[in-house]
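> Coordinates in query.txt, compact mmCIF, C-alpha atoms and all ligand atoms, are listed below.
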# COMPACT_ATOMS: atom_id res chain seq x y z
CA ALA X 1 0.00 0.00 0.00
CA ALA X 2 2.88 2.33 0.89
CA ALA X 3 4.56 1.57 -2.44
CA ALA X 4 1.33 2.34 -4.33
CA ALA X 5 0.93 5.65 -2.48
CA GLU X 6 4.54 6.51 -3.29
CA ALA X 7 4.01 5.65 -6.98
CA THR X 8 0.94 7.88 -7.10
CA ARG X 9 2.85 10.70 -5.46
CA ARG X 10 5.71 10.39 -7.97
CA GLN X 11 3.23 10.39 -10.82
CA LEU X 12 1.55 13.55 -9.53
CA HIS X 13 4.94 15.15 -9.06
CA ASN X 14 5.97 14.29 -12.62
CA GLN X 15 2.73 15.71 -13.99
CA MET X 16 3.28 18.89 -11.99
CA VAL X 17 6.83 19.25 -13.27
CA GLU X 18 5.63 18.63 -16.82
CA LEU X 19 3.06 21.38 -16.35
CA ARG X 20 4.95 23.99 -14.36
CA GLY X 21 8.62 23.09 -14.25
CA ASN X 22 10.42 22.30 -11.00
CA ILE X 23 11.25 25.83 -9.86
CA ARG X 24 9.08 28.08 -7.69
CA VAL X 25 9.75 31.61 -6.48
CA PHE X 26 8.53 33.19 -3.26
CA CYS X 27 9.15 36.85 -2.44
CA ARG X 28 9.66 38.00 1.15
CA VAL X 29 9.66 41.68 2.10
CA ARG X 30 11.40 42.53 5.38
CA PRO X 31 10.05 45.16 7.79
CA HIS X 32 11.19 48.77 7.44
CA PRO X 33 9.60 52.00 8.74
CA HIS X 34 9.72 53.55 5.27
CA SER X 35 8.62 51.29 2.46
CA ALA X 36 8.69 51.64 -1.30
CA VAL X 37 6.85 48.32 -1.61
CA ARG X 38 3.13 47.60 -1.60
CA CYS X 39 2.03 43.99 -1.22
CA LEU X 40 -1.04 43.51 -3.39
CA PRO X 41 -4.16 41.57 -2.35
CA GLY X 42 -4.08 37.85 -3.04
CA GLY X 43 -0.68 37.08 -1.56
CA ALA X 44 1.17 36.69 -4.85
CA ALA X 45 1.97 40.17 -6.16
CA LEU X 46 3.70 43.37 -5.14
CA ALA X 47 4.41 46.84 -6.50
CA LEU X 48 7.72 48.64 -6.05
CA ALA X 49 8.03 52.42 -6.44
CA VAL X 50 11.24 53.56 -8.14
CA ASP X 51 11.65 57.26 -8.89
CA GLY X 52 7.91 57.83 -8.74
CA ARG X 53 7.04 54.91 -11.00
CA GLU X 54 5.52 51.63 -9.82
CA HIS X 55 6.73 48.27 -11.09
CA ALA X 56 4.48 45.26 -10.45
CA PHE X 57 5.65 41.67 -10.10
CA THR X 58 3.85 38.38 -9.59
CA PHE X 59 5.42 35.32 -7.98
CA ASP X 60 4.17 32.00 -6.62
CA LYS X 61 3.71 33.79 -3.30
CA VAL X 62 4.56 37.15 -1.75
CA PHE X 63 5.05 37.52 2.01
CA GLY X 64 4.72 40.94 3.59
CA PRO X 65 6.84 42.35 6.45
CA SER X 66 4.61 40.98 9.21
CA THR X 67 4.96 37.34 8.13
CA ALA X 68 6.42 35.35 11.04
CA GLN X 69 9.20 32.78 10.70
CA ALA X 70 6.77 29.99 11.67
CA ALA X 71 4.37 31.03 8.90
CA ILE X 72 7.17 31.04 6.31
CA PHE X 73 8.19 27.57 7.42
CA GLY X 74 4.57 26.40 7.16
CA GLU X 75 4.73 27.23 3.45
CA VAL X 76 7.86 25.17 2.82
CA SER X 77 7.49 22.28 5.28
CA GLU X 78 5.95 19.87 2.78
CA LEU X 79 8.72 20.56 0.29
CA VAL X 80 11.31 20.03 3.03
CA GLN X 81 9.73 16.71 4.02
CA SER X 82 9.83 15.41 0.47
CA ALA X 83 13.60 15.01 0.93
CA LEU X 84 12.67 12.08 3.20
CA ASP X 85 10.89 10.48 0.23
CA GLY X 86 14.11 10.53 -1.78
CA TYR X 87 13.86 13.88 -3.55
CA HIS X 88 16.71 16.34 -4.04
CA VAL X 89 15.34 19.57 -2.67
CA CYS X 90 16.93 23.00 -2.73
CA LEU X 91 15.86 26.30 -1.17
CA PHE X 92 17.74 29.52 -1.91
CA SER X 93 17.61 33.00 -0.48
CA TYR X 94 18.55 35.67 -3.02
CA GLY X 95 18.84 39.43 -2.60
CA GLN X 96 21.06 42.37 -1.69
CA THR X 97 22.92 42.52 1.63
CA GLY X 98 20.52 43.45 4.44
CA ALA X 99 17.44 42.12 2.65
CA GLY X 100 16.87 39.24 5.08
CA LYS X 101 18.52 36.21 3.42
CA THR X 102 20.31 34.98 6.54
CA TYR X 103 17.26 35.82 8.64
CA THR X 104 15.15 33.63 6.36
CA MET X 105 17.56 30.67 6.22
CA GLN X 106 19.18 30.74 9.64
CA GLY X 107 17.16 33.22 11.68
CA THR X 108 17.92 34.45 15.18
CA PRO X 109 18.71 32.34 18.29
CA ASP X 110 15.35 32.88 20.01
CA PRO X 111 12.82 30.11 19.21
CA ALA X 112 10.35 32.45 17.45
CA GLY X 113 13.15 33.84 15.30
CA ALA X 114 14.45 30.45 14.13
CA GLY X 115 14.76 30.27 10.37
CA ILE X 116 14.27 27.52 7.82
CA ILE X 117 17.48 25.54 8.57
CA PRO X 118 16.83 24.82 12.29
CA ARG X 119 13.11 24.27 11.69
CA ALA X 120 13.78 21.90 8.78
CA VAL X 121 16.24 19.83 10.80
CA GLU X 122 13.82 19.67 13.72
CA LEU X 123 10.94 18.58 11.47
CA ILE X 124 13.02 15.93 9.72
CA LEU X 125 14.27 14.55 13.03
CA ALA X 126 10.69 14.31 14.29
CA ARG X 127 9.50 12.60 11.09
CA VAL X 128 12.42 10.17 11.23
CA GLN X 129 11.48 9.26 14.78
CA ALA X 130 7.93 8.50 13.66
CA LEU X 131 9.17 6.48 10.66
CA GLU X 132 11.56 4.50 12.83
CA ALA X 133 8.54 3.29 14.79
CA GLN X 134 7.36 1.81 11.44
CA GLU X 135 10.61 -0.11 10.98
CA TRP X 136 12.38 2.44 8.81
CA ALA X 137 16.03 3.17 9.52
CA TYR X 138 17.36 6.58 8.58
CA SER X 139 20.77 8.19 8.56
CA LEU X 140 21.15 11.97 8.50
CA GLU X 141 24.45 13.68 7.74
CA ALA X 142 25.10 17.40 7.52
CA SER X 143 27.68 19.47 5.64
CA PHE X 144 28.15 23.23 5.59
CA ILE X 145 30.07 24.48 2.56
CA GLU X 146 31.05 28.05 1.79
CA VAL X 147 31.56 29.04 -1.84
CA TYR X 148 33.71 32.15 -2.14
CA ASN X 149 35.37 33.36 -5.34
CA ASN X 150 34.49 30.00 -6.83
CA THR X 151 36.50 28.11 -4.20
CA LEU X 152 35.07 25.87 -1.50
CA ARG X 153 35.56 25.91 2.24
CA ASP X 154 34.35 23.39 4.82
CA LEU X 155 32.66 25.46 7.50
CA LEU X 156 32.63 22.49 9.90
CA ALA X 157 36.40 21.93 9.66
CA ASP X 158 38.41 22.12 12.88
CA GLY X 159 39.42 25.69 13.60
CA ALA X 160 37.23 27.18 10.84
CA ALA X 161 35.68 29.58 13.33
CA ARG X 162 39.14 30.92 14.27
CA SER X 163 40.98 31.03 10.96
CA ALA X 164 39.59 31.94 7.56
CA ASP X 165 42.16 29.59 6.01
CA ALA X 166 41.02 26.53 7.93
CA GLY X 167 38.80 24.23 5.95
CA ARG X 168 39.79 25.51 2.53
CA ILE X 169 39.33 22.80 -0.07
CA THR X 170 42.14 23.02 -2.60
CA ASP X 171 41.21 20.10 -4.86
CA ALA X 172 39.74 21.76 -7.95
CA ASN X 173 37.72 18.60 -8.67
CA ALA X 174 36.40 18.10 -5.15
CA ILE X 175 32.76 18.10 -6.27
CA LYS X 176 31.67 14.68 -7.46
CA HIS X 177 28.28 13.32 -8.36
CA ASP X 178 27.81 9.79 -7.12
CA ALA X 179 25.94 7.95 -9.83
CA SER X 180 23.86 5.60 -7.68
CA GLY X 181 22.10 8.02 -5.35
CA GLY X 182 22.53 11.05 -7.56
CA HIS X 183 24.15 12.81 -4.60
CA THR X 184 26.76 15.49 -4.66
CA VAL X 185 29.83 14.50 -2.69
CA VAL X 186 32.44 17.07 -1.77
CA ALA X 187 35.79 15.35 -1.23
CA GLY X 188 37.51 16.68 1.86
CA ALA X 189 34.39 18.26 3.41
CA SER X 190 33.06 17.12 6.77
CA ARG X 191 29.86 15.10 6.78
CA VAL X 192 28.63 14.96 10.33
CA ALA X 193 26.00 12.48 11.54
CA VAL X 194 23.24 14.55 13.13
CA ALA X 195 22.57 13.23 16.62
CA GLY X 196 19.58 15.40 17.52
CA ALA X 197 18.11 18.90 17.45
CA GLY X 198 20.60 20.21 20.02
CA HIS X 199 23.52 18.82 18.03
CA ALA X 200 22.13 20.37 14.83
CA ALA X 201 21.89 23.76 16.56
CA GLU X 202 25.54 23.41 17.57
CA LEU X 203 26.57 22.66 13.95
CA ILE X 204 24.59 25.67 12.68
CA ARG X 205 26.29 27.89 15.25
CA ARG X 206 29.75 26.60 14.34
CA ALA X 207 29.15 27.17 10.62
CA SER X 208 27.84 30.66 11.25
CA GLU X 209 30.94 31.54 13.31
CA ALA X 210 33.19 30.14 10.59
CA ARG X 211 31.43 32.25 7.98
CA ALA X 212 31.63 35.38 10.13
CA CYS X 213 35.35 34.71 10.68
CA ALA X 214 36.01 34.86 6.93
CA GLU X 215 33.98 38.07 6.62
CA THR X 216 35.93 39.72 9.42
CA ALA X 217 39.19 38.65 7.78
CA MET X 218 38.04 40.40 4.62
CA ASN X 219 36.92 43.41 6.60
CA SER X 220 33.53 43.09 4.97
CA THR X 221 30.14 43.82 6.50
CA SER X 222 28.31 42.18 3.63
CA SER X 223 28.29 38.51 2.79
CA ARG X 224 30.46 37.96 -0.23
CA SER X 225 30.12 34.18 -0.04
CA HIS X 226 27.40 31.61 -0.59
CA CYS X 227 26.66 29.33 2.35
CA VAL X 228 25.30 25.88 1.47
CA PHE X 229 23.82 23.62 4.12
CA MET X 230 23.40 20.05 2.91
CA LEU X 231 21.50 17.34 4.71
CA TYR X 232 22.10 13.89 3.25
CA ILE X 233 19.20 11.58 3.99
CA ALA X 234 19.28 7.82 3.55
CA GLY X 235 16.32 5.66 4.51
CA ALA X 236 15.91 1.90 4.44
CA HIS X 237 12.91 -0.33 5.08
CA PRO X 238 14.33 -3.88 5.21
CA ALA X 239 10.93 -5.59 5.39
CA SER X 240 9.94 -4.28 1.94
CA GLY X 241 13.50 -3.95 0.62
CA THR X 242 12.97 -0.21 0.00
CA ARG X 243 15.90 2.21 -0.01
CA LEU X 244 15.64 5.96 -0.46
CA THR X 245 18.30 8.64 -0.72
CA GLY X 246 17.35 12.30 -0.66
CA CYS X 247 19.14 15.53 -0.06
CA LEU X 248 18.05 18.85 1.35
CA CYS X 249 20.14 21.90 0.39
CA LEU X 250 19.48 25.24 2.05
CA VAL X 251 21.45 28.04 0.47
CA ASP X 252 22.11 31.55 1.76
CA LEU X 253 23.45 33.25 -1.38
CA ALA X 254 26.01 36.06 -1.49
CA GLY X 255 24.65 39.61 -1.66
CA SER X 256 23.42 40.33 -5.17
CA GLU X 257 24.32 44.05 -5.06
CA ARG X 258 26.74 45.66 -7.46
CA LEU X 259 29.66 47.20 -5.65
CA ASP X 260 30.23 50.90 -5.97
CA ARG X 261 32.74 51.19 -8.79
CA SER X 262 34.78 53.84 -7.04
CA LEU X 263 35.36 51.40 -4.18
CA ALA X 264 36.30 48.46 -6.32
CA GLU X 265 39.99 47.86 -5.97
CA ALA X 266 41.63 44.97 -7.76
CA GLU X 267 40.73 42.33 -5.17
CA ARG X 268 37.23 43.66 -4.66
CA LYS X 269 36.70 43.72 -8.37
CA LYS X 270 37.73 40.12 -8.76
CA GLU X 271 35.42 39.22 -5.93
CA ALA X 272 32.47 41.17 -7.30
CA CYS X 273 32.99 39.55 -10.69
CA SER X 274 33.04 36.10 -9.17
CA ILE X 275 29.85 36.74 -7.22
CA ASN X 276 28.05 38.12 -10.22
CA GLN X 277 29.41 35.27 -12.27
CA SER X 278 28.08 32.56 -9.99
CA LEU X 279 24.70 34.26 -9.59
CA SER X 280 24.43 34.75 -13.32
CA ALA X 281 25.58 31.13 -13.80
CA LEU X 282 22.64 30.18 -11.60
CA GLY X 283 20.35 32.31 -13.76
CA ASP X 284 21.74 30.64 -16.90
CA VAL X 285 21.04 27.18 -15.47
CA PHE X 286 17.45 28.17 -14.67
CA ALA X 287 17.03 29.52 -18.19
CA SER X 288 18.41 26.36 -19.86
CA LEU X 289 16.26 24.12 -17.70
CA SER X 290 13.13 26.03 -18.51
CA SER X 291 13.76 26.06 -22.23
CA LYS X 292 14.47 22.31 -21.94
CA SER X 293 17.79 22.93 -23.60
CA ALA X 294 19.84 19.78 -24.27
CA HIS X 295 22.85 21.32 -22.55
CA VAL X 296 22.51 22.81 -19.07
CA PRO X 297 25.67 24.71 -18.05
CA TYR X 298 25.97 23.33 -14.50
CA ARG X 299 29.74 23.25 -14.75
CA ASN X 300 30.09 26.99 -15.27
CA SER X 301 30.30 27.59 -11.52
CA LYS X 302 31.05 25.59 -8.39
CA LEU X 303 27.72 26.67 -6.95
CA THR X 304 25.62 25.25 -9.80
CA TYR X 305 27.76 22.10 -10.07
CA LEU X 306 27.32 21.51 -6.35
CA LEU X 307 23.55 21.89 -6.61
CA GLN X 308 23.07 20.06 -9.92
CA PRO X 309 21.03 17.13 -8.51
CA CYS X 310 18.51 19.58 -6.98
CA LEU X 311 18.29 21.90 -9.96
CA GLY X 312 17.64 19.29 -12.63
CA GLY X 313 16.28 15.76 -12.92
CA ASP X 314 13.59 15.10 -10.35
CA GLY X 315 14.93 17.85 -8.08
CA LYS X 316 12.72 20.55 -6.60
CA THR X 317 13.87 24.14 -6.25
CA LEU X 318 12.35 27.06 -4.38
CA MET X 319 13.94 30.48 -4.48
CA PHE X 320 13.16 33.19 -1.97
CA VAL X 321 13.81 36.67 -3.29
CA ASN X 322 14.38 38.82 -0.20
CA ILE X 323 13.56 42.50 -0.44
CA ASN X 324 14.57 45.43 1.75
CA PRO X 325 11.72 47.86 1.02
CA GLU X 326 13.55 51.06 2.07
CA PRO X 327 13.31 53.69 -0.69
CA ALA X 328 17.12 54.05 -0.82
CA SER X 329 17.36 50.39 -1.93
CA ALA X 330 14.66 50.62 -4.58
CA ASN X 331 17.06 50.25 -7.51
CA GLU X 332 18.71 47.16 -6.02
CA SER X 333 15.27 45.76 -5.20
CA LEU X 334 14.23 46.26 -8.81
CA CYS X 335 17.30 44.27 -9.95
CA SER X 336 16.48 41.44 -7.54
CA LEU X 337 12.84 41.33 -8.60
CA LYS X 338 13.80 41.26 -12.28
CA PHE X 339 16.20 38.37 -11.69
CA ALA X 340 13.51 36.48 -9.77
CA ALA X 341 10.85 37.24 -12.38
CA LYS X 342 13.14 35.74 -15.00
CA VAL X 343 13.53 32.61 -12.91
CA ASN X 344 9.81 32.48 -12.28
CA GLY X 345 8.69 33.31 -15.76
CA CYS X 346 11.10 31.31 -17.83
CA GLU X 347 9.38 27.99 -17.17
CA THR X 348 6.80 28.67 -19.81
CA ALA X 349 9.26 29.99 -22.34
CA ALA X 350 9.28 26.33 -23.39
CA LYS X 351 5.57 26.46 -24.09
CA GLY X 352 5.50 28.85 -26.99
CA GLY X 353 7.34 31.74 -25.43
CA ALA X 354 4.42 33.04 -23.39
CA ARG X 355 5.56 34.35 -20.03
CA ARG X 356 3.69 32.65 -17.24
CA ASN X 357 1.43 35.13 -15.61
CA VAL X 358 -0.06 33.78 -12.41
CA SER X 359 -3.35 35.48 -11.82
CA VAL X 360 -3.63 36.90 -8.34
CA ALA X 361 -7.01 35.27 -7.84
CA ALA X 362 -5.89 31.87 -9.10
CA SER X 363 -2.91 31.51 -6.83
CA GLY X 364 -4.84 30.86 -3.72
CA GLY X 365 -5.87 34.14 -2.08
CA GLY X 366 -3.68 34.54 0.96
CA GLY X 367 -2.48 30.95 0.83
CA GLY X 368 -3.90 29.75 4.12
CA GLY X 369 -1.46 27.25 5.63
CA GLY X 370 -2.95 23.78 5.63
CA SER X 371 -1.23 21.91 2.87
CA GLY X 372 2.03 23.84 3.22
CA ALA X 373 3.99 23.56 0.02
CA GLY X 374 0.83 22.28 -1.63
CA GLY X 375 0.05 25.95 -2.11
CA SER X 376 3.23 26.31 -4.10
CA GLY X 377 2.02 23.62 -6.45
CA TRP X 378 4.36 20.76 -5.67
P1 LIG X 401 21.15 39.49 4.58
O1 LIG X 401 21.55 38.13 5.08
O2 LIG X 401 20.29 39.43 3.36
O3 LIG X 401 22.33 40.40 4.41
P2 LIG X 401 19.96 39.72 7.19
O4 LIG X 401 19.20 38.45 7.21
O5 LIG X 401 21.23 39.73 7.96
O6 LIG X 401 20.23 40.19 5.70
O7 LIG X 401 18.97 40.87 7.68
C1 LIG X 401 19.40 42.18 7.98
C2 LIG X 401 18.78 42.62 9.31
O8 LIG X 401 17.36 42.71 9.20
C3 LIG X 401 19.06 41.66 10.44
O9 LIG X 401 19.23 42.40 11.61
C4 LIG X 401 17.79 40.83 10.52
O10 LIG X 401 17.59 40.31 11.81
C5 LIG X 401 16.72 41.82 10.11
N1 LIG X 401 15.61 41.19 9.40
C6 LIG X 401 15.65 40.71 8.14
N2 LIG X 401 14.47 40.20 7.76
C7 LIG X 401 13.64 40.35 8.80
C8 LIG X 401 12.26 40.03 9.03
N3 LIG X 401 11.51 39.44 8.11
N4 LIG X 401 11.75 40.36 10.25
C9 LIG X 401 12.49 40.95 11.19
N5 LIG X 401 13.79 41.28 11.03
C10 LIG X 401 14.37 40.99 9.86
MG MG X 402 23.48 37.40 5.38
The structure in this file should be written as structure tokens.
Ligand code: ADP
Ligand code: MG


Amino acid sequence: AAAAAEATRRQLHNQMVELRGNIRVFCRVRPHPHSAVRCLPGGAALALAVDGREHAFTFDKVFGPSTAQAAIFGEVSELVQSALDGYHVCLFSYGQTGAGKTYTMQGTPDPAGAGIIPRAVELILARVQALEAQEWAYSLEASFIEVYNNTLRDLLADGAARSADAGRITDANAIKHDASGGHTVVAGASRVAVAGAGHAAELIRRASEARACAETAMNSTSSRSHCVFMLYIAGAHPASGTRLTGCLCLVDLAGSERLDRSLAEAERKKEACSINQSLSALGDVFASLSSKSAHVPYRNSKLTYLLQPCLGGDGKTLMFVNINPEPASANESLCSLKFAAKVNGCETAAKGGARRNVSVAASGGGGGGGSGAGGSGW
């Protein structure tokens, strides 16, 4: 019976992917006393004022500044759980520095402020406990990888919180895709068995300190690196001979802002180029996937190569575009929204070039919880 249910679920998933592609975009607007953004009724559209002109955008969902962390997680929990069923699932946060990317992914230490990473680990641990009562055996292993200037660093390496050089992965071919499970394996990076929610919190804290250490070393207040949390999930049910391998990747991307040209010295310039390059490489991958191009340029950046199993095949991707609504950031916000609209709209480029235009009414008026990611059409 379980196998039949699983087959039905796969079939529905495949139909959904056929219909809508495997990429969804949610927009989250952070609080600010002065706002150039209006969230429009229906929960899927917003308008941004730039120099007295309004630009409207529609996404799968739009969350206004009062949306709590728990409510955000409610919208992604089903997607997160599908990693237990053997899917490769990836959630990104994209946007300029200060827009709320780290807040969305990691959050703050108080329980109400916890972001997607701690909540996802907690949910998966709870589900695993329930499944173990039904004779499933699961193993959960976590990695935290930083991608900076197209080089990798193991944020869980010994001493990574004290020295920005600790954990650097020098092997240029460290990223490997294991054929059987379709996993990404990073040679030389720690993979730590997750012992429980408290242990997971400790790993998250260590990774965050290691990331901050590199930023301090660069004398940078903005995040110039991508931070990739990977949870490798392997499940086995000996009685039925079922084996599942899934992966959950939660990615806090580097700030998408252009650096002020007058400030860009040689090193900064190289860095800014590399950031733009990997974000535009990500955009190129989305575009090729949506046009069902025979060649998808995953190998153009470490970031996309690392995430390949989630981006293509039977992977599922959700991108948050984080917006700081302050009027002074309106131009950067416009850039972020345009990037996200391209990601969101390109799916239907394959179907005769018509840009998908989700009607506000059709996309579920306010998206009341309940089915979680069901509202995002998975
Ligand atoms: P980024 O990682 O994109 O640079 P942060 O996540 O660090 O931005 O957010 C910048 C600041 O705004 C932080 O102090 C963060 O706590 C706060 N913040 C961001 N989003 C929200 C939100 N939705 N609600 C409350 N505070 C937020
Ligand atoms: Mg950040």

> Please report as JSON lines every residue of chain X lying within 7 Å of ligand LIG 401 (chain X), along with the nearest atom pair and their distance in Å (one decimal), using all atoms listed in the file.


{"residue": "X:Val29", "atom": "CA", "partner": "X:LIG401", "partner_atom": "N3", "distance": 6.7}
{"residue": "X:Arg30", "atom": "CA", "partner": "X:LIG401", "partner_atom": "N3", "distance": 4.1}
{"residue": "X:Pro31", "atom": "CA", "partner": "X:LIG401", "partner_atom": "N4", "distance": 5.7}
{"residue": "X:Pro65", "atom": "CA", "partner": "X:LIG401", "partner_atom": "N3", "distance": 5.7}
{"residue": "X:Thr67", "atom": "CA", "partner": "X:LIG401", "partner_atom": "N3", "distance": 6.9}
{"residue": "X:Gly95", "atom": "CA", "partner": "X:LIG401", "partner_atom": "O2", "distance": 6.1}
{"residue": "X:Gln96", "atom": "CA", "partner": "X:LIG401", "partner_atom": "O2", "distance": 5.9}
{"residue": "X:Thr97", "atom": "CA", "partner": "X:LIG401", "partner_atom": "O3", "distance": 3.5}
{"residue": "X:Gly98", "atom": "CA", "partner": "X:LIG401", "partner_atom": "O6", "distance": 3.5}
{"residue": "X:Ala99", "atom": "CA", "partner": "X:LIG401", "partner_atom": "O2", "distance": 4.0}
{"residue": "X:Gly100", "atom": "CA", "partner": "X:LIG401", "partner_atom": "O4", "distance": 3.3}
{"residue": "X:Lys101", "atom": "CA", "partner": "X:LIG401", "partner_atom": "O2", "distance": 3.7}
{"residue": "X:Thr102", "atom": "CA", "partner": "X:LIG401", "partner_atom": "O1", "distance": 3.7}
{"residue": "X:Tyr103", "atom": "CA", "partner": "X:LIG401", "partner_atom": "O4", "distance": 3.6}
{"residue": "X:Thr104", "atom": "CA", "partner": "X:LIG401", "partner_atom": "O4", "distance": 6.4}
{"residue": "X:Thr108", "atom": "CA", "partner": "X:LIG401", "partner_atom": "O10", "distance": 6.8}
{"residue": "X:Ser222", "atom": "CA", "partner": "X:LIG401", "partner_atom": "O3", "distance": 6.3}
{"residue": "X:Ser223", "atom": "CA", "partner": "X:LIG401", "partner_atom": "O3", "distance": 6.5}
{"residue": "X:Gly255", "atom": "CA", "partner": "X:LIG401", "partner_atom": "O3", "distance": 6.5}
{"residue": "X:Asn322", "atom": "CA", "partner": "X:LIG401", "partner_atom": "O2", "distance": 6.9}

> For C-alpha atoms, I'd like the residues from the last selection saved as a PDB file, in the frame of the given file.


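Wrote out04.pdb, looks like this:
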ATOM      1  CA  VAL X  29       9.660  41.680   2.100  1.00  0.00           C
ATOM      2  CA  ARG X  30      11.400  42.530   5.380  1.00  0.00           C
ATOM      3  CA  PRO X  31      10.050  45.160   7.790  1.00  0.00           C
ATOM      4  CA  PRO X  65       6.840  42.350   6.450  1.00  0.00           C
ATOM      5  CA  THR X  67       4.960  37.340   8.130  1.00  0.00           C
ATOM      6  CA  GLY X  95      18.840  39.430  -2.600  1.00  0.00           C
ATOM      7  CA  GLN X  96      21.060  42.370  -1.690  1.00  0.00           C
ATOM      8  CA  THR X  97      22.920  42.520   1.630  1.00  0.00           C
ATOM      9  CA  GLY X  98      20.520  43.450   4.440  1.00  0.00           C
ATOM     10  CA  ALA X  99      17.440  42.120   2.650  1.00  0.00           C
ATOM     11  CA  GLY X 100      16.870  39.240   5.080  1.00  0.00           C
ATOM     12  CA  LYS X 101      18.520  36.210   3.420  1.00  0.00           C
ATOM     13  CA  THR X 102      20.310  34.980   6.540  1.00  0.00           C
ATOM     14  CA  TYR X 103      17.260  35.820   8.640  1.00  0.00           C
ATOM     15  CA  THR X 104      15.150  33.630   6.360  1.00  0.00           C
ATOM     16  CA  THR X 108      17.920  34.450  15.180  1.00  0.00           C
ATOM     17  CA  SER X 222      28.310  42.180   3.630  1.00  0.00           C
ATOM     18  CA  SER X 223      28.290  38.510   2.790  1.00  0.00           C
ATOM     19  CA  GLY X 255      24.650  39.610  -1.660  1.00  0.00           C
ATOM     20  CA  ASN X 322      14.380  38.820  -0.200  1.00  0.00           C
TER      21      ASN X 322
END

> Just give me the gap between atom CA of X:Ala294 and atom CA of X:Ser256 in Å, one decimal is fine.

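Here the two named atoms are 28.3 Å from each other.
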
> Measuring between all atoms listed in the file, which one of X:Thr170, X:Ser208, X:Ser77, X:Thr184 shows the shortest distance to ligand MG 402 (chain X)?

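Of X:Thr170, X:Ser208, X:Ser77, X:Thr184, the one nearest ligand MG 402 (chain X), counting all atoms listed in the file, is X:Ser208.
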
> When you count only C-alpha atoms and all ligand atoms, which of these residues is closest to ligand MG 402 (chain X): X:Pro327, X:Gly107, X:Gly167, X:Gly198?

X:Gly107

> How many Å lie between atom CA of X:Gly64 and atom CA of X:Ile323, rounded to one decimal?

9.8 Å

> Using only C-alpha atoms, which residues sit within 8 Å of X:Ala189 once same-chain residues fewer than 3 positions away are excluded, as a ChimeraX atom specification?

/X:143,145,153-154,156-157,167,169,186

> Near X:Ala201, counting only C-alpha atoms, which residues have an atom at most 8 Å away, once you skip same-chain residues fewer than 4 positions from it, shown as a ChimeraX atom specification?

/X:118,197,205

> Could you put an axis-aligned box around every listed atom of stretch 42-53 of chain X, padded by 5 Å on each side, and send me its centre and edge lengths in Å to one decimal, as JSON?


{"center_x": 3.8, "center_y": 47.3, "center_z": -6.3, "size_x": 25.7, "size_y": 31.1, "size_z": 19.4}
